[in-house]
file my_file-v3.csv (CSV, C-alpha atoms)
chain,number,residue,atom,x,y,z
D,856,MET,CA,-54.5,1.5,-14.5
D,857,GLU,CA,-54.1,3.9,-17.4
D,858,SER,CA,-51.6,6.6,-17.1
D,859,PRO,CA,-52.8,10.2,-16.5
D,860,ALA,CA,-53.6,12.4,-19.5
D,861,PRO,CA,-51.1,15.0,-20.7
D,862,GLY,CA,-53.5,17.7,-19.6
D,863,VAL,CA,-53.4,16.4,-16.1
D,864,LEU,CA,-49.6,16.3,-16.1
D,865,ALA,CA,-49.3,19.8,-17.5
D,866,ALA,CA,-51.6,20.9,-14.8
D,867,VAL,CA,-49.3,19.3,-12.2
D,868,VAL,CA,-46.3,21.2,-13.6
D,869,VAL,CA,-48.2,24.5,-13.5
D,870,ARG,CA,-49.5,23.9,-10.0
D,871,THR,CA,-46.1,22.8,-8.6
D,872,ALA,CA,-44.5,25.9,-10.2
D,873,VAL,CA,-47.1,28.2,-8.7
D,874,VAL,CA,-46.7,26.7,-5.3
D,875,LEU,CA,-43.0,27.0,-5.4
D,876,LEU,CA,-43.2,30.6,-6.6
D,877,VAL,CA,-45.7,31.6,-3.9
D,878,LEU,CA,-43.7,30.0,-1.1
D,879,VAL,CA,-40.4,31.5,-2.2
D,880,VAL,CA,-41.9,35.0,-2.3
D,881,ALA,CA,-43.7,34.5,1.0
D,882,LEU,CA,-40.6,33.3,2.8
D,883,ARG,CA,-38.5,36.0,1.3
D,884,VAL,CA,-40.9,38.6,2.7
D,885,SER,CA,-40.9,36.9,6.1
D,886,GLY,CA,-37.4,37.9,7.0
D,887,LYS,CA,-34.2,36.0,7.5
D,888,ARG,CA,-35.0,34.1,10.7
D,889,HIS,CA,-36.0,31.1,8.6
D,890,THR,CA,-32.5,30.6,7.2
D,891,GLY,CA,-30.6,31.2,10.4
D,892,GLU,CA,-30.6,29.0,13.5
D,893,MET,CA,-33.9,27.2,13.8
D,894,ASN,CA,-35.8,26.5,16.9
D,895,VAL,CA,-38.4,23.7,17.1
D,896,TYR,CA,-41.3,26.0,16.0
D,897,ASP,CA,-39.3,27.1,12.9
D,898,LEU,CA,-38.8,23.5,12.0
D,899,LEU,CA,-42.5,22.8,12.6
D,900,LEU,CA,-43.5,25.6,10.3
D,901,VAL,CA,-41.3,24.4,7.4
D,902,LEU,CA,-42.7,20.9,7.7
D,903,ILE,CA,-46.3,21.9,8.1
D,904,VAL,CA,-46.2,24.3,5.2
D,905,ALA,CA,-44.7,21.6,3.0
D,906,ASN,CA,-47.5,19.3,4.0
D,907,ALA,CA,-50.2,22.0,3.5
D,908,VAL,CA,-49.3,22.4,-0.2
D,909,GLN,CA,-48.8,18.7,-1.1
D,910,ASN,CA,-52.2,18.1,-2.5
D,911,ALA,CA,-52.3,21.5,-4.1
D,912,MET,CA,-49.4,20.4,-6.3
D,913,THR,CA,-50.5,16.9,-7.1
D,914,ARG,CA,-54.3,17.0,-6.6
D,915,ALA,CA,-54.0,14.2,-4.1
D,916,SER,CA,-53.1,11.9,-6.9
D,917,GLY,CA,-51.4,8.7,-6.0
D,918,GLU,CA,-50.0,8.1,-9.4
D,919,VAL,CA,-46.2,7.6,-9.5
D,920,LEU,CA,-46.0,9.6,-12.8
D,921,VAL,CA,-47.7,12.6,-11.2
D,922,ALA,CA,-45.2,12.5,-8.3
D,923,LEU,CA,-42.3,12.2,-10.6
D,924,VAL,CA,-43.6,15.1,-12.7
D,925,SER,CA,-44.1,17.3,-9.7
D,926,ALA,CA,-40.6,16.4,-8.3
D,927,SER,CA,-39.0,17.0,-11.7
D,928,THR,CA,-40.7,20.4,-12.0
D,929,LEU,CA,-39.3,21.4,-8.6
D,930,LEU,CA,-35.8,20.2,-9.4
D,931,ALA,CA,-35.8,21.7,-12.9
D,932,LEU,CA,-37.0,25.1,-11.5
D,933,GLY,CA,-34.3,25.0,-8.8
D,934,TRP,CA,-31.7,24.3,-11.4
D,935,LEU,CA,-33.0,27.0,-13.7
D,936,VAL,CA,-33.0,29.6,-11.0
D,937,CYS,CA,-29.5,28.7,-10.1
D,938,MET,CA,-28.2,29.0,-13.7
D,939,VAL,CA,-30.0,32.2,-14.4
D,940,SER,CA,-29.0,33.9,-11.2
D,941,ALA,CA,-25.3,32.9,-11.8
D,942,GLN,CA,-25.5,34.7,-15.1
D,943,TRP,CA,-27.6,37.6,-13.9
D,944,PRO,CA,-26.7,38.8,-10.4
D,945,PRO,CA,-29.6,41.1,-10.0
D,946,LEU,CA,-31.9,38.1,-9.9
D,947,GLN,CA,-29.9,36.5,-7.1
D,948,ALA,CA,-30.1,39.8,-5.1
D,949,LYS,CA,-33.8,39.8,-5.6
D,950,LEU,CA,-34.2,36.2,-4.5
D,951,LEU,CA,-31.8,36.2,-1.5
D,952,GLY,CA,-32.4,39.8,-0.4
D,953,ALA,CA,-29.7,42.0,0.9
D,954,PRO,CA,-27.8,41.8,4.3
D,955,THR,CA,-29.5,43.9,7.0
D,956,VAL,CA,-27.6,46.0,9.5
D,957,VAL,CA,-28.9,45.3,13.0
D,958,VAL,CA,-26.3,47.0,15.2
D,959,GLN,CA,-24.5,50.2,14.3
D,960,ASP,CA,-21.9,51.9,16.5
D,961,GLY,CA,-23.2,50.2,19.7
D,962,GLN,CA,-26.8,51.0,18.9
D,963,VAL,CA,-29.4,48.3,18.1
D,964,LEU,CA,-31.5,49.2,15.0
D,965,TRP,CA,-34.7,47.8,16.5
D,966,ALA,CA,-36.8,48.4,13.4
D,967,ASN,CA,-34.5,46.3,11.3
D,968,LEU,CA,-34.3,43.6,13.9
D,969,LYS,CA,-38.1,43.4,14.1
D,970,ARG,CA,-38.5,43.4,10.4
D,971,GLU,CA,-36.3,40.3,10.2
D,972,GLY,CA,-38.2,38.6,12.9
D,973,LEU,CA,-35.3,38.3,15.3
D,974,THR,CA,-35.7,38.7,19.1
D,975,GLU,CA,-33.3,40.7,21.3
D,976,ARG,CA,-32.4,37.4,23.1
D,977,GLU,CA,-31.4,35.9,19.7
D,978,LEU,CA,-29.2,38.9,19.0
D,979,TYR,CA,-27.4,38.5,22.3
D,980,THR,CA,-26.9,34.8,21.7
D,981,GLU,CA,-25.3,35.6,18.4
D,982,LEU,CA,-23.1,38.2,20.0
D,983,ARG,CA,-21.9,35.7,22.6
D,984,LYS,CA,-21.1,33.3,19.9
D,985,HIS,CA,-18.8,36.0,18.6
D,986,GLY,CA,-17.2,36.4,22.0
D,987,LEU,CA,-18.9,39.6,22.8
D,988,THR,CA,-21.2,40.4,25.8
D,989,ALA,CA,-22.6,43.8,25.1
D,990,VAL,CA,-24.0,45.7,22.2
D,991,ALA,CA,-21.9,48.7,23.2
D,992,ALA,CA,-18.8,46.7,22.1
D,993,VAL,CA,-20.2,46.3,18.5
D,994,LYS,CA,-19.2,48.6,15.7
D,995,LEU,CA,-21.3,46.8,13.2
D,996,ALA,CA,-23.5,43.7,13.2
D,997,ILE,CA,-25.0,42.5,9.9
D,998,LEU,CA,-27.6,39.8,9.4
D,999,GLU,CA,-26.5,38.1,6.2
D,1000,VAL,CA,-28.8,36.6,3.7
D,1001,ASP,CA,-28.1,33.1,5.0
D,1002,GLY,CA,-29.3,34.1,8.5
D,1003,SER,CA,-25.8,34.2,10.0
D,1004,LEU,CA,-24.7,37.3,11.9
D,1005,SER,CA,-21.4,39.0,11.0
D,1006,VAL,CA,-20.0,41.1,13.8
D,1007,VAL,CA,-17.3,43.8,13.7
D,1008,PRO,CA,-16.3,44.7,17.3
D,1009,LYS,CA,-15.1,48.1,18.3
D,1010,GLU,CA,-11.4,48.7,18.7
D,1011,HIS,CA,-10.0,48.3,22.2
D,1012,SER,CA,-13.3,47.1,23.4
D,1013,ALA,CA,-13.4,45.2,26.7
D,1014,GLY,CA,-16.3,43.2,25.5
D,1015,GLY,CA,-18.8,44.8,27.8
D,1016,GLY,CA,-20.8,43.6,30.8
D,1017,GLU,CA,-22.6,40.6,32.1
D,1018,GLY,CA,-24.1,38.8,29.2
D,1019,GLY,CA,-27.1,40.6,27.9
D,1020,ASN,CA,-30.3,39.0,29.1
D,1021,SER,CA,-29.3,35.6,30.4
D,1022,ARG,CA,-30.8,34.3,33.6
D,1023,GLU,CA,-29.0,35.1,36.8
D,1024,ARG,CA,-30.6,33.1,39.5
H,1434,MET,CA,-60.3,24.5,-24.3
H,1435,ILE,CA,-57.2,26.1,-22.9
H,1436,GLN,CA,-59.5,28.4,-20.9
H,1437,ASP,CA,-61.3,25.4,-19.4
H,1438,TRP,CA,-57.9,23.9,-18.4
H,1439,LEU,CA,-56.7,27.1,-16.9
H,1440,GLY,CA,-60.0,27.5,-15.1
H,1441,GLU,CA,-59.6,24.0,-13.7
H,1442,VAL,CA,-56.1,24.7,-12.4
H,1443,PHE,CA,-56.6,28.1,-10.9
H,1444,SER,CA,-60.2,28.2,-9.9
H,1445,HIS,CA,-62.0,27.0,-6.8
H,1446,PRO,CA,-65.5,25.5,-6.7
H,1447,ASP,CA,-66.4,27.2,-3.5
H,1448,LEU,CA,-64.6,30.4,-2.9
H,1449,PRO,CA,-66.3,31.4,0.4
H,1450,GLY,CA,-65.6,27.9,1.6
H,1451,VAL,CA,-61.9,28.8,1.4
H,1452,LEU,CA,-62.4,30.7,4.6
H,1453,GLY,CA,-63.1,27.3,6.2
H,1454,ILE,CA,-59.5,26.4,5.3
H,1455,VAL,CA,-58.2,29.5,7.0
H,1456,ALA,CA,-60.1,28.5,10.1
H,1457,LYS,CA,-59.1,24.8,10.1
H,1458,THR,CA,-55.4,25.7,9.5
H,1459,THR,CA,-55.4,28.2,12.3
H,1460,VAL,CA,-57.0,25.9,14.8
H,1461,ILE,CA,-54.5,23.1,14.0
H,1462,TYR,CA,-51.5,25.2,14.0
H,1463,VAL,CA,-52.2,26.9,17.3
H,1464,PHE,CA,-53.1,23.5,18.8
H,1465,VAL,CA,-49.8,21.9,17.7
H,1466,LEU,CA,-47.8,24.9,18.8
H,1467,VAL,CA,-49.3,25.0,22.3
H,1468,GLY,CA,-49.1,21.2,22.5
H,1469,LEU,CA,-45.4,21.2,21.6
H,1470,ARG,CA,-44.7,23.7,24.3
H,1471,LEU,CA,-46.8,22.0,27.0
H,1472,LEU,CA,-45.0,18.7,26.4
H,1473,GLY,CA,-41.6,20.1,27.3
H,1474,ALA,CA,-40.7,21.5,23.8
H,1475,ARG,CA,-38.8,24.3,25.4
H,1476,GLU,CA,-36.1,21.8,26.0
H,1477,LEU,CA,-36.3,20.7,22.4
H,1478,GLY,CA,-33.8,23.5,21.6
H,1479,GLN,CA,-31.5,20.6,22.3
H,1480,MET,CA,-33.3,18.3,19.9
H,1481,THR,CA,-32.5,14.7,19.8
H,1482,THR,CA,-33.3,12.5,16.8
H,1483,TYR,CA,-36.5,11.3,18.4
H,1484,ASP,CA,-37.7,14.9,19.0
H,1485,PHE,CA,-37.0,15.6,15.3
H,1486,VAL,CA,-39.0,12.6,14.2
H,1487,LEU,CA,-41.8,13.7,16.5
H,1488,VAL,CA,-42.0,17.1,14.8
H,1489,VAL,CA,-41.9,15.5,11.3
H,1490,VAL,CA,-44.6,13.0,12.2
H,1491,LEU,CA,-46.7,15.7,13.8
H,1492,ALA,CA,-46.7,17.8,10.7
H,1493,ASN,CA,-47.7,14.7,8.7
H,1494,ALA,CA,-50.5,13.7,11.0
H,1495,VAL,CA,-52.4,17.0,10.5
H,1496,GLN,CA,-51.7,17.3,6.8
H,1497,ASN,CA,-55.1,16.4,5.4
H,1498,ALA,CA,-57.0,18.3,8.0
H,1499,LEU,CA,-55.2,21.5,7.2
H,1500,VAL,CA,-57.2,21.8,4.0
H,1501,GLY,CA,-60.0,19.5,4.9
H,1502,GLY,CA,-59.7,17.3,1.9
H,1503,ASP,CA,-59.5,20.2,-0.5
H,1504,ASP,CA,-57.1,19.3,-3.3
H,1505,THR,CA,-57.2,22.5,-5.3
H,1506,LEU,CA,-54.3,24.9,-5.9
H,1507,VAL,CA,-56.1,27.8,-4.3
H,1508,GLY,CA,-56.9,25.7,-1.2
H,1509,GLY,CA,-53.4,24.6,-0.6
H,1510,LEU,CA,-52.0,28.1,-1.1
H,1511,VAL,CA,-54.5,29.6,1.2
H,1512,SER,CA,-53.5,27.1,3.9
H,1513,ALA,CA,-49.8,27.8,3.4
H,1514,LEU,CA,-50.2,31.5,3.5
H,1515,THR,CA,-52.3,31.3,6.6
H,1516,LEU,CA,-49.5,29.3,8.3
H,1517,LEU,CA,-46.9,31.7,7.3
H,1518,LEU,CA,-48.9,34.7,8.5
H,1519,LEU,CA,-49.7,32.9,11.8
H,1520,ASN,CA,-46.0,32.2,12.2
H,1521,ARG,CA,-45.1,35.8,11.5
H,1522,LEU,CA,-47.6,36.8,14.1
H,1523,PHE,CA,-46.1,34.3,16.5
H,1524,THR,CA,-42.5,35.5,16.0
H,1525,TRP,CA,-43.7,39.1,16.3
H,1526,LEU,CA,-45.2,38.3,19.6
H,1527,LEU,CA,-41.9,36.7,20.7
H,1528,THR,CA,-40.0,39.9,19.8
H,1529,ARG,CA,-42.6,42.1,21.5
H,1530,TYR,CA,-43.0,40.0,24.8
H,1531,PRO,CA,-39.8,38.6,26.2
H,1532,TRP,CA,-41.7,36.7,28.8
H,1533,LEU,CA,-43.4,34.8,26.0
H,1534,GLU,CA,-40.1,34.0,24.4
H,1535,GLN,CA,-38.9,32.8,27.8
H,1536,GLN,CA,-42.0,30.5,28.1
H,1537,MET,CA,-41.9,29.2,24.5
H,1538,VAL,CA,-38.3,29.0,23.7
H,1539,GLY,CA,-36.5,29.2,27.0
H,1540,GLU,CA,-33.8,31.5,28.1
H,1541,PRO,CA,-30.0,31.4,28.2
H,1542,VAL,CA,-28.5,30.3,31.5
H,1543,VAL,CA,-25.2,31.6,32.7
H,1544,LEU,CA,-22.9,28.7,33.6
H,1545,VAL,CA,-19.6,30.5,34.4
H,1546,THR,CA,-19.0,34.1,35.3
H,1547,ALA,CA,-15.6,35.7,35.8
H,1548,GLY,CA,-13.9,32.3,36.1
H,1549,GLN,CA,-16.5,31.0,38.7
H,1550,PRO,CA,-18.5,28.0,37.6
H,1551,ARG,CA,-22.1,27.6,38.7
H,1552,TRP,CA,-22.3,23.8,39.3
H,1553,ASP,CA,-25.8,24.0,40.7
H,1554,ARG,CA,-27.1,25.5,37.5
H,1555,MET,CA,-25.2,23.0,35.4
H,1556,GLN,CA,-26.7,20.2,37.3
H,1557,ARG,CA,-30.1,21.6,36.9
H,1558,GLU,CA,-29.6,22.0,33.1
H,1559,GLY,CA,-28.0,18.6,32.8
H,1560,VAL,CA,-24.6,19.9,31.7
H,1561,THR,CA,-21.7,17.8,32.8
H,1562,ARG,CA,-18.3,19.1,33.8
H,1563,ASP,CA,-16.8,17.3,30.8
H,1564,GLU,CA,-19.2,19.0,28.4
H,1565,LEU,CA,-18.3,22.4,29.9
H,1566,LEU,CA,-14.6,21.8,29.6
H,1567,ALA,CA,-15.0,20.5,26.1
H,1568,SER,CA,-16.8,23.7,25.1
H,1569,LEU,CA,-13.9,25.8,26.6
H,1570,ARG,CA,-11.4,23.8,24.5
H,1571,GLU,CA,-13.6,24.3,21.4
H,1572,HIS,CA,-13.3,28.0,22.0
H,1573,GLY,CA,-9.6,27.9,22.4
H,1574,VAL,CA,-9.8,28.6,26.1
H,1575,ALA,CA,-7.4,26.7,28.3
H,1576,ASP,CA,-9.2,26.7,31.7
H,1577,LEU,CA,-12.0,28.2,33.7
H,1578,ASP,CA,-9.9,31.0,35.0
H,1579,ASP,CA,-9.8,32.4,31.4
H,1580,VAL,CA,-13.5,32.5,31.0
H,1581,ARG,CA,-15.3,35.8,31.4
H,1582,LEU,CA,-18.7,34.3,30.6
H,1583,ALA,CA,-20.0,30.9,29.6
H,1584,VAL,CA,-23.7,30.6,28.7
H,1585,LEU,CA,-25.9,27.6,27.9
H,1586,GLU,CA,-27.9,29.0,24.9
H,1587,VAL,CA,-31.5,28.0,24.2
H,1588,ASP,CA,-30.4,25.9,21.3
H,1589,GLY,CA,-28.3,23.7,23.5
H,1590,THR,CA,-24.9,25.1,22.6
H,1591,ILE,CA,-22.5,26.7,25.1
H,1592,SER,CA,-21.1,30.1,24.2
H,1593,VAL,CA,-17.8,30.9,25.8
H,1594,VAL,CA,-16.6,34.5,26.1
H,1595,PRO,CA,-12.9,34.6,27.1
H,1596,LYS,CA,-11.4,37.3,29.3
H,1597,GLU,CA,-9.3,38.8,26.6
H,1598,ALA,CA,-11.3,40.6,23.9
H,1599,THR,CA,-10.3,38.3,21.1
H,1600,VAL,CA,-13.2,37.2,18.9
H,1601,HIS,CA,-13.9,33.5,18.5
H,1602,ARG,CA,-16.7,32.1,16.4
H,1603,THR,CA,-18.6,29.2,17.8
H,1604,ARG,CA,-18.4,26.1,15.7
H,1605,ARG,CA,-22.0,25.7,14.6
H,1606,ARG,CA,-23.6,22.4,15.6
H,1607,ALA,CA,-25.6,20.6,13.0
H,1608,ARG,CA,-28.8,22.6,13.5
H,1609,GLY,CA,-29.0,21.8,17.2
H,1610,LEU,CA,-29.3,18.1,16.8
H,1611,ARG,CA,-27.5,16.0,19.4
H,1612,ALA,CA,-26.8,12.3,19.3
H,1613,SER,CA,-28.2,11.5,22.7
call {"tool": "encode", "arguments": {"input": "my_file-v3.csv", "output": "structure tokens"}}
result
Amino acid sequence: MESPAPGVLAAVVVRTAVVLLVLVVALRVSGKRHTGEMNVYDLLLVLIVANAVQNAMTRASGEVLVALVSASTLLALGWLVCMVSAQWPPLQAKLLGAPTVVVQDGQVLWANLKREGLTERELYTELRKHGLTAVAAVKLAILEVDGSLSVVPKEHSAGGGEGGNSRER
Amino acid sequence: MIQDWLGEVFSHPDLPGVLGIVAKTTVIYVFVLVGLRLLGARELGQMTTYDFVLVVVLANAVQNALVGGDDTLVGGLVSALTLLLLNRLFTWLLTRYPWLEQQMVGEPVVLVTAGQPRWDRMQREGVTRDELLASLREHGVADLDDVRLAVLEVDGTISVVPKEATVHRTRRRARGLRAS
């Protein structure tokens, strides 16, 4: 079995890089729910997208060298992005996005919540994890770039009512 | 020669046929999504290792059909973008229709309210007394009387809101995977 021509390997590098770029941009635009707590459908999506692009990167080649070149491209790009964004913070901001305010002074900012693809139920779950039961008790809630929610409660709050939208049956 | 090479990498022999990829990907994704739900996936919020393996293998099983044997760059990207758009639509529907979220993802269940435990609900959800008390301890709460609210969340963790307004942060489980 002769090894693949340099042209083929160069093509693998380019294809892999393009796939990575497209997916990074697409996920970045999709909002932060993908970096926060995952439900089974989020997990399914990540896995199925990875499978969808496999052959686009390697042209369905079964060659070990092709696989290594593709993997190396991904690792090298990852490292490169890491290095560059450490030196140049604006890049990191562009890649990771900015934190999003979802609750301000007891009011939910619905447009922001929707844009990040979070449901009301998910918001209440996060509030409960912070020991709060109502939005009214929240001074500020920010969805961080890693998908976690930072919550600043109001002073002297009693925490609120009966648990948002949980089932009472 | 460079032009030929670039053409080979970025072009597609049958551009209208790419719509076929969109269709195939959509059918497969919807099928798997509904299938996961019908076979009790709502409870997969408390994913075991086996459930995790199931999802991984599912994604692999449909892999080649997503693009229908197309191995071009364009074909793969079209499939991936179709999936991401479909998922965006799905999550939008979840935010728009709470009943759908209830159906697909489940809903939180109140286990303790104002110091009163609801053993019937715990039994129904398969939460033992020990698990409940362990959660209380995790949240720095001494006993049931100090609990304002304890809720079994859809991801299988139990949130505990104590009666005083101190703020505790739940220790995050490893992405919802349990050992059982």
call {"tool": "residues_around", "arguments": {"input": "my_file-v3.csv", "residues": "Thr980 (chain D)", "least_positions_apart": "4", "cutoff": "7 Å", "atoms": "all atoms listed in the file", "output": "PyMOL selection string"}}
result
(chain D and resi 976+984) or (chain H and resi 1586)
call {"tool": "residues_near_point", "arguments": {"input": "my_file-v3.csv", "point": "(-18.9, 27.8, 22.5)", "cutoff": "12 Å", "atoms": "all atoms listed in the file", "output": "compact mmCIF listing (two decimals) with C-alpha atoms, keeping the file's coordinate frame"}}
result
# COMPACT_ATOMS: atom_id res chain seq x y z
CA THR D 980 -26.90 34.80 21.70
CA GLU D 981 -25.30 35.60 18.40
CA LEU D 982 -23.10 38.20 20.00
CA ARG D 983 -21.90 35.70 22.60
CA LYS D 984 -21.10 33.30 19.90
CA HIS D 985 -18.80 36.00 18.60
CA GLY D 986 -17.20 36.40 22.00
CA LEU D 987 -18.90 39.60 22.80
CA LEU H 1544 -22.90 28.70 33.60
CA GLU H 1564 -19.20 19.00 28.40
CA LEU H 1565 -18.30 22.40 29.90
CA LEU H 1566 -14.60 21.80 29.60
CA ALA H 1567 -15.00 20.50 26.10
CA SER H 1568 -16.80 23.70 25.10
CA LEU H 1569 -13.90 25.80 26.60
CA ARG H 1570 -11.40 23.80 24.50
CA GLU H 1571 -13.60 24.30 21.40
CA HIS H 1572 -13.30 28.00 22.00
CA GLY H 1573 -9.60 27.90 22.40
CA VAL H 1574 -9.80 28.60 26.10
CA VAL H 1580 -13.50 32.50 31.00
CA LEU H 1582 -18.70 34.30 30.60
CA ALA H 1583 -20.00 30.90 29.60
CA VAL H 1584 -23.70 30.60 28.70
CA LEU H 1585 -25.90 27.60 27.90
CA GLU H 1586 -27.90 29.00 24.90
CA ASP H 1588 -30.40 25.90 21.30
CA GLY H 1589 -28.30 23.70 23.50
CA THR H 1590 -24.90 25.10 22.60
CA ILE H 1591 -22.50 26.70 25.10
CA SER H 1592 -21.10 30.10 24.20
CA VAL H 1593 -17.80 30.90 25.80
CA VAL H 1594 -16.60 34.50 26.10
CA PRO H 1595 -12.90 34.60 27.10
CA VAL H 1600 -13.20 37.20 18.90
CA HIS H 1601 -13.90 33.50 18.50
CA ARG H 1602 -16.70 32.10 16.40
CA THR H 1603 -18.60 29.20 17.80
CA ARG H 1604 -18.40 26.10 15.70
CA ARG H 1605 -22.00 25.70 14.60
CA ARG H 1606 -23.60 22.40 15.60
call {"tool": "residues_around", "arguments": {"input": "my_file-v3.csv", "residues": "Ile997 (chain D)", "least_positions_apart": "5", "cutoff": "10 Å", "atoms": "all atoms listed in the file", "output": "ChimeraX atom specification"}}
result
/D:954-959,1002-1007
call {"tool": "write_last_selection", "arguments": {"input": "my_file-v3.csv", "atoms": "C-alpha atoms", "output": "mmCIF file, in the frame of the given file"}}
result
data_model
loop_
_atom_site.group_PDB
_atom_site.id
_atom_site.type_symbol
_atom_site.label_atom_id
_atom_site.label_comp_id
_atom_site.auth_asym_id
_atom_site.auth_seq_id
_atom_site.Cartn_x
_atom_site.Cartn_y
_atom_site.Cartn_z
ATOM 1 C CA PRO D 954 -27.800 41.800 4.300
ATOM 2 C CA THR D 955 -29.500 43.900 7.000
ATOM 3 C CA VAL D 956 -27.600 46.000 9.500
ATOM 4 C CA VAL D 957 -28.900 45.300 13.000
ATOM 5 C CA VAL D 958 -26.300 47.000 15.200
ATOM 6 C CA GLN D 959 -24.500 50.200 14.300
ATOM 7 C CA GLY D 1002 -29.300 34.100 8.500
ATOM 8 C CA SER D 1003 -25.800 34.200 10.000
ATOM 9 C CA LEU D 1004 -24.700 37.300 11.900
ATOM 10 C CA SER D 1005 -21.400 39.000 11.000
ATOM 11 C CA VAL D 1006 -20.000 41.100 13.800
ATOM 12 C CA VAL D 1007 -17.300 43.800 13.700
#
call {"tool": "closest_residue", "arguments": {"input": "my_file-v3.csv", "among": "D:Ala941, D:Leu973, D:Ala953, D:Val879", "to": "chain H", "atoms": "all atoms listed in the file"}}
result
D:Leu973
call {"tool": "closest_atom_pairs", "arguments": {"input": "my_file-v3.csv", "of": "chain D", "to": "chain H", "cutoff": "7 Å", "atoms": "all atoms listed in the file", "output": "Markdown table"}}
result
| residue | atom | partner | partner_atom | distance |
| --- | --- | --- | --- | --- |
| D:Ala866 | CA | H:Val1442 | CA | 6.4 |
| D:Arg870 | CA | H:Leu1506 | CA | 6.4 |
| D:Val874 | CA | H:Leu1510 | CA | 6.9 |
| D:Ser885 | CA | H:Arg1521 | CA | 6.9 |
| D:Glu892 | CA | H:Arg1608 | CA | 6.6 |
| D:Met893 | CA | H:Arg1608 | CA | 6.9 |
| D:Asn894 | CA | H:Gly1478 | CA | 5.9 |
| D:Val895 | CA | H:Gly1478 | CA | 6.4 |
| D:Leu899 | CA | H:Val1488 | CA | 6.1 |
| D:Leu902 | CA | H:Ala1492 | CA | 5.9 |
| D:Ile903 | CA | H:Ala1492 | CA | 4.9 |
| D:Val904 | CA | H:Ala1513 | CA | 5.3 |
| D:Asn906 | CA | H:Gln1496 | CA | 5.4 |
| D:Ala907 | CA | H:Gly1509 | CA | 5.8 |
| D:Val908 | CA | H:Gly1509 | CA | 4.7 |
| D:Asn910 | CA | H:Asp1504 | CA | 5.1 |
| D:Ala911 | CA | H:Leu1506 | CA | 4.3 |
| D:Met912 | CA | H:Leu1506 | CA | 6.7 |
| D:Arg914 | CA | H:Asp1504 | CA | 4.9 |
| D:Ala915 | CA | H:Asp1504 | CA | 6.0 |
| D:Lys969 | CA | H:Thr1528 | CA | 7.0 |
| D:Gly972 | CA | H:Thr1524 | CA | 6.1 |
| D:Leu973 | CA | H:Thr1528 | CA | 6.7 |
| D:Thr974 | CA | H:Thr1528 | CA | 4.5 |
| D:Glu975 | CA | H:Thr1528 | CA | 6.9 |
| D:Thr980 | CA | H:Glu1586 | CA | 6.7 |
| D:Arg983 | CA | H:Ser1592 | CA | 5.9 |
| D:Lys984 | CA | H:Thr1603 | CA | 5.2 |
| D:His985 | CA | H:Arg1602 | CA | 4.9 |
| D:Gly986 | CA | H:Val1594 | CA | 4.6 |
| D:Leu987 | CA | H:Val1594 | CA | 6.5 |
| D:Ser1012 | CA | H:Ala1598 | CA | 6.8 |
| D:Ala1013 | CA | H:Ala1598 | CA | 5.8 |
| D:Gly1014 | CA | H:Ala1598 | CA | 5.9 |
| D:Ser1021 | CA | H:Pro1541 | CA | 4.8 |
| D:Arg1022 | CA | H:Val1542 | CA | 5.1 |
| D:Glu1023 | CA | H:Val1543 | CA | 6.6 |
call {"tool": "atom_distance", "arguments": {"input": "my_file-v3.csv", "atom1": "CA of Pro861 (chain D)", "atom2": "CA of Leu929 (chain D)"}}
result
18.1 Å
call {"tool": "atom_distance", "arguments": {"input": "my_file-v3.csv", "atom1": "CA of Gly1450 (chain H)", "atom2": "CA of Gly1501 (chain H)"}}
result
10.6 Å
call {"tool": "atom_distance", "arguments": {"input": "my_file-v3.csv", "atom1": "CA of Tyr979 (chain D)", "atom2": "CA of Gln962 (chain D)"}}
result
13.0 Å
call {"tool": "closest_residue", "arguments": {"input": "my_file-v3.csv", "among": "D:Gly933, D:Pro1008, D:Gly917, D:Pro945", "to": "Gly961 (chain D)", "atoms": "all atoms listed in the file"}}
result
D:Pro1008
